Amino acid sequence: MPSSKLSITKAALYGLLIGLAYSIFIRFSEFDLVPVSYTVGQLIGSAVGGAFLFAVVAAIANLFRK
């Protein structure tokens, strides 16, 4: 029987992609002009934040799984 634990690496990758998609959606929904550095910083921050959040949730979920 395979282990029912979540893969932290896959969870981090999914978090990165969802964070990036969220940031792109938010950036294109605003109609004002902002500097490129702010946009790049927001993209990187959202991707890293999403990856961290998903990895932490997967690690905590693994504590409660057998």
# chains A, B, ... in the order shown; residues from 1 in each chain; ligands from 1
call {"tool": "residues_around", "arguments": {"residues": "Leu63 (chain A)", "least_positions_apart": "3", "cutoff": "12 Å", "atoms": "only C-alpha atoms", "output": "ChimeraX atom specification"}}
result
/A:4-6,8,56-60,66
call {"tool": "write_last_selection", "arguments": {"atoms": "N, CA and C atoms", "output": "compact mmCIF listing (two decimals), in the first residue's frame"}}
result
# COMPACT_ATOMS: atom_id res chain seq x y z
N SER A 4 0.43 7.58 2.18
CA SER A 4 -0.58 8.62 1.93
C SER A 4 -0.05 10.01 2.25
N LYS A 5 1.27 10.13 2.43
CA LYS A 5 1.84 11.43 2.73
C LYS A 5 1.90 12.29 1.48
N LEU A 6 1.77 13.60 1.69
CA LEU A 6 1.83 14.55 0.59
C LEU A 6 3.28 14.87 0.24
N ILE A 8 6.01 17.35 -0.40
CA ILE A 8 6.24 18.76 -0.11
C ILE A 8 6.78 19.48 -1.34
N VAL A 56 4.46 24.55 3.67
CA VAL A 56 4.19 24.48 5.11
C VAL A 56 2.90 23.72 5.38
N VAL A 57 1.88 23.98 4.60
CA VAL A 57 0.60 23.26 4.79
C VAL A 57 0.79 21.77 4.53
N ALA A 58 1.55 21.41 3.49
CA ALA A 58 1.80 19.99 3.21
C ALA A 58 2.59 19.34 4.33
N ALA A 59 3.57 20.06 4.88
CA ALA A 59 4.37 19.50 5.99
C ALA A 59 3.51 19.29 7.22
N ILE A 60 2.64 20.24 7.52
CA ILE A 60 1.75 20.09 8.68
C ILE A 60 0.75 18.96 8.45
N LYS A 66 -0.60 8.99 8.49
CA LYS A 66 0.21 7.81 8.82
C LYS A 66 1.06 7.42 7.64
call {"tool": "residues_around", "arguments": {"residues": "Thr9 (chain A)", "least_positions_apart": "6", "cutoff": "10 Å", "atoms": "only C-alpha atoms", "output": "PDB file with all heavy atoms, in the first residue's frame"}}
result
ATOM      1  N   GLY A  15       2.144  25.651  -5.310  1.00  0.00           N
ATOM      2  CA  GLY A  15       2.040  26.953  -4.664  1.00  0.00           C
ATOM      3  C   GLY A  15       2.725  28.041  -5.457  1.00  0.00           C
ATOM      4  O   GLY A  15       2.215  29.157  -5.575  1.00  0.00           O
ATOM      5  N   ALA A  51       4.696  29.301  -2.760  1.00  0.00           N
ATOM      6  CA  ALA A  51       5.458  28.054  -2.591  1.00  0.00           C
ATOM      7  C   ALA A  51       5.675  27.763  -1.113  1.00  0.00           C
ATOM      8  O   ALA A  51       5.503  26.623  -0.659  1.00  0.00           O
ATOM      9  CB  ALA A  51       6.792  28.150  -3.318  1.00  0.00           C
ATOM     10  N   PHE A  54       2.216  26.713   0.602  1.00  0.00           N
ATOM     11  CA  PHE A  54       1.788  25.359   0.243  1.00  0.00           C
ATOM     12  C   PHE A  54       2.707  24.306   0.850  1.00  0.00           C
ATOM     13  O   PHE A  54       2.247  23.249   1.276  1.00  0.00           O
ATOM     14  CB  PHE A  54       1.730  25.200  -1.280  1.00  0.00           C
ATOM     15  CG  PHE A  54       0.451  25.679  -1.897  1.00  0.00           C
ATOM     16  CD1 PHE A  54      -0.063  26.935  -1.626  1.00  0.00           C
ATOM     17  CD2 PHE A  54      -0.253  24.881  -2.767  1.00  0.00           C
ATOM     18  CE1 PHE A  54      -1.237  27.387  -2.191  1.00  0.00           C
ATOM     19  CE2 PHE A  54      -1.431  25.301  -3.349  1.00  0.00           C
ATOM     20  CZ  PHE A  54      -1.920  26.572  -3.064  1.00  0.00           C
ATOM     21  N   ALA A  55       4.020  24.571   0.893  1.00  0.00           N
ATOM     22  CA  ALA A  55       4.954  23.608   1.473  1.00  0.00           C
ATOM     23  C   ALA A  55       4.719  23.455   2.975  1.00  0.00           C
ATOM     24  O   ALA A  55       4.751  22.334   3.502  1.00  0.00           O
ATOM     25  CB  ALA A  55       6.392  24.044   1.203  1.00  0.00           C
ATOM     26  N   ALA A  58       1.555  21.414   3.491  1.00  0.00           N
ATOM     27  CA  ALA A  58       1.800  19.991   3.212  1.00  0.00           C
ATOM     28  C   ALA A  58       2.593  19.345   4.334  1.00  0.00           C
ATOM     29  O   ALA A  58       2.313  18.199   4.716  1.00  0.00           O
ATOM     30  CB  ALA A  58       2.540  19.845   1.885  1.00  0.00           C
TER      31      ALA A  58
END
call {"tool": "atom_distance", "arguments": {"atom1": "CA of Ala12 (chain A)", "atom2": "CA of Pro35 (chain A)"}}
result
28.4 Å
call {"tool": "residues_around", "arguments": {"residues": "Ser3 (chain A)", "least_positions_apart": "4", "cutoff": "12 Å", "atoms": "only C-alpha atoms", "output": "list in words"}}
result
Ser7, Asn62, Arg65 and Lys66 of chain A
call {"tool": "select_by_dssp", "arguments": {"residues": "chain A", "states": "alpha helix (DSSP H)", "output": "PyMOL selection string"}}
result
chain A and resi 8-29+36-63
call {"tool": "atom_distance", "arguments": {"atom1": "CA of Phe64 (chain A)", "atom2": "CA of Gly45 (chain A)"}}
result
29.2 Å
call {"tool": "closest_residue", "arguments": {"among": "A:Asp32, A:Arg27, A:Ala61, A:Phe52", "to": "Leu13 (chain A)", "atoms": "only C-alpha atoms"}}
result
A:Phe52
call {"tool": "decode", "arguments": {"residues": "region 9-27 of chain A", "atoms": "N, CA, C and O atoms", "output": "PDB file, in the first residue's frame"}}
result
ATOM      1  N   THR A   9       7.571  18.784  -2.145  1.00  0.00           N
ATOM      2  CA  THR A   9       8.116  19.391  -3.357  1.00  0.00           C
ATOM      3  C   THR A   9       7.011  19.722  -4.354  1.00  0.00           C
ATOM      4  O   THR A   9       6.985  20.815  -4.924  1.00  0.00           O
ATOM      5  N   LYS A  10       6.091  18.779  -4.552  1.00  0.00           N
ATOM      6  CA  LYS A  10       4.980  19.038  -5.469  1.00  0.00           C
ATOM      7  C   LYS A  10       4.081  20.138  -4.935  1.00  0.00           C
ATOM      8  O   LYS A  10       3.604  20.989  -5.696  1.00  0.00           O
ATOM      9  N   ALA A  11       3.849  20.148  -3.626  1.00  0.00           N
ATOM     10  CA  ALA A  11       3.014  21.191  -3.029  1.00  0.00           C
ATOM     11  C   ALA A  11       3.668  22.559  -3.217  1.00  0.00           C
ATOM     12  O   ALA A  11       2.978  23.539  -3.524  1.00  0.00           O
ATOM     13  N   ALA A  12       4.984  22.639  -3.056  1.00  0.00           N
ATOM     14  CA  ALA A  12       5.692  23.906  -3.249  1.00  0.00           C
ATOM     15  C   ALA A  12       5.604  24.351  -4.705  1.00  0.00           C
ATOM     16  O   ALA A  12       5.425  25.543  -4.992  1.00  0.00           O
ATOM     17  N   LEU A  13       5.712  23.417  -5.632  1.00  0.00           N
ATOM     18  CA  LEU A  13       5.607  23.761  -7.049  1.00  0.00           C
ATOM     19  C   LEU A  13       4.212  24.269  -7.383  1.00  0.00           C
ATOM     20  O   LEU A  13       4.055  25.278  -8.083  1.00  0.00           O
ATOM     21  N   TYR A  14       3.188  23.592  -6.879  1.00  0.00           N
ATOM     22  CA  TYR A  14       1.817  24.052  -7.114  1.00  0.00           C
ATOM     23  C   TYR A  14       1.599  25.427  -6.488  1.00  0.00           C
ATOM     24  O   TYR A  14       0.935  26.291  -7.066  1.00  0.00           O
ATOM     25  N   GLY A  15       2.144  25.651  -5.310  1.00  0.00           N
ATOM     26  CA  GLY A  15       2.040  26.953  -4.664  1.00  0.00           C
ATOM     27  C   GLY A  15       2.725  28.041  -5.457  1.00  0.00           C
ATOM     28  O   GLY A  15       2.215  29.157  -5.575  1.00  0.00           O
ATOM     29  N   LEU A  16       3.890  27.727  -6.011  1.00  0.00           N
ATOM     30  CA  LEU A  16       4.603  28.676  -6.845  1.00  0.00           C
ATOM     31  C   LEU A  16       3.764  29.063  -8.056  1.00  0.00           C
ATOM     32  O   LEU A  16       3.612  30.246  -8.374  1.00  0.00           O
ATOM     33  N   LEU A  17       3.181  28.077  -8.707  1.00  0.00           N
ATOM     34  CA  LEU A  17       2.385  28.352  -9.902  1.00  0.00           C
ATOM     35  C   LEU A  17       1.117  29.132  -9.570  1.00  0.00           C
ATOM     36  O   LEU A  17       0.737  30.063 -10.295  1.00  0.00           O
ATOM     37  N   ILE A  18       0.461  28.781  -8.486  1.00  0.00           N
ATOM     38  CA  ILE A  18      -0.761  29.485  -8.104  1.00  0.00           C
ATOM     39  C   ILE A  18      -0.430  30.908  -7.658  1.00  0.00           C
ATOM     40  O   ILE A  18      -1.148  31.858  -7.999  1.00  0.00           O
ATOM     41  N   GLY A  19       0.651  31.088  -6.905  1.00  0.00           N
ATOM     42  CA  GLY A  19       1.075  32.428  -6.508  1.00  0.00           C
ATOM     43  C   GLY A  19       1.430  33.293  -7.699  1.00  0.00           C
ATOM     44  O   GLY A  19       1.080  34.477  -7.762  1.00  0.00           O
ATOM     45  N   LEU A  20       2.092  32.715  -8.675  1.00  0.00           N
ATOM     46  CA  LEU A  20       2.454  33.438  -9.890  1.00  0.00           C
ATOM     47  C   LEU A  20       1.206  33.809 -10.688  1.00  0.00           C
ATOM     48  O   LEU A  20       1.078  34.942 -11.166  1.00  0.00           O
ATOM     49  N   ALA A  21       0.285  32.869 -10.825  1.00  0.00           N
ATOM     50  CA  ALA A  21      -0.955  33.143 -11.560  1.00  0.00           C
ATOM     51  C   ALA A  21      -1.768  34.228 -10.858  1.00  0.00           C
ATOM     52  O   ALA A  21      -2.333  35.119 -11.512  1.00  0.00           O
ATOM     53  N   TYR A  22      -1.824  34.171  -9.538  1.00  0.00           N
ATOM     54  CA  TYR A  22      -2.551  35.184  -8.777  1.00  0.00           C
ATOM     55  C   TYR A  22      -1.926  36.564  -8.987  1.00  0.00           C
ATOM     56  O   TYR A  22      -2.626  37.549  -9.213  1.00  0.00           O
ATOM     57  N   SER A  23      -0.614  36.631  -8.935  1.00  0.00           N
ATOM     58  CA  SER A  23       0.071  37.901  -9.107  1.00  0.00           C
ATOM     59  C   SER A  23      -0.150  38.470 -10.511  1.00  0.00           C
ATOM     60  O   SER A  23      -0.362  39.673 -10.663  1.00  0.00           O
ATOM     61  N   ILE A  24      -0.105  37.624 -11.511  1.00  0.00           N
ATOM     62  CA  ILE A  24      -0.345  38.080 -12.883  1.00  0.00           C
ATOM     63  C   ILE A  24      -1.773  38.573 -13.025  1.00  0.00           C
ATOM     64  O   ILE A  24      -2.032  39.614 -13.646  1.00  0.00           O
ATOM     65  N   PHE A  25      -2.722  37.871 -12.441  1.00  0.00           N
ATOM     66  CA  PHE A  25      -4.123  38.286 -12.501  1.00  0.00           C
ATOM     67  C   PHE A  25      -4.318  39.649 -11.836  1.00  0.00           C
ATOM     68  O   PHE A  25      -4.980  40.531 -12.383  1.00  0.00           O
ATOM     69  N   ILE A  26      -3.726  39.833 -10.671  1.00  0.00           N
ATOM     70  CA  ILE A  26      -3.846  41.103  -9.958  1.00  0.00           C
ATOM     71  C   ILE A  26      -3.161  42.223 -10.742  1.00  0.00           C
ATOM     72  O   ILE A  26      -3.681  43.339 -10.848  1.00  0.00           O
ATOM     73  N   ARG A  27      -1.996  41.940 -11.299  1.00  0.00           N
ATOM     74  CA  ARG A  27      -1.249  42.974 -12.028  1.00  0.00           C
ATOM     75  C   ARG A  27      -2.012  43.431 -13.269  1.00  0.00           C
ATOM     76  O   ARG A  27      -2.055  44.621 -13.578  1.00  0.00           O
TER      77      ARG A  27
END
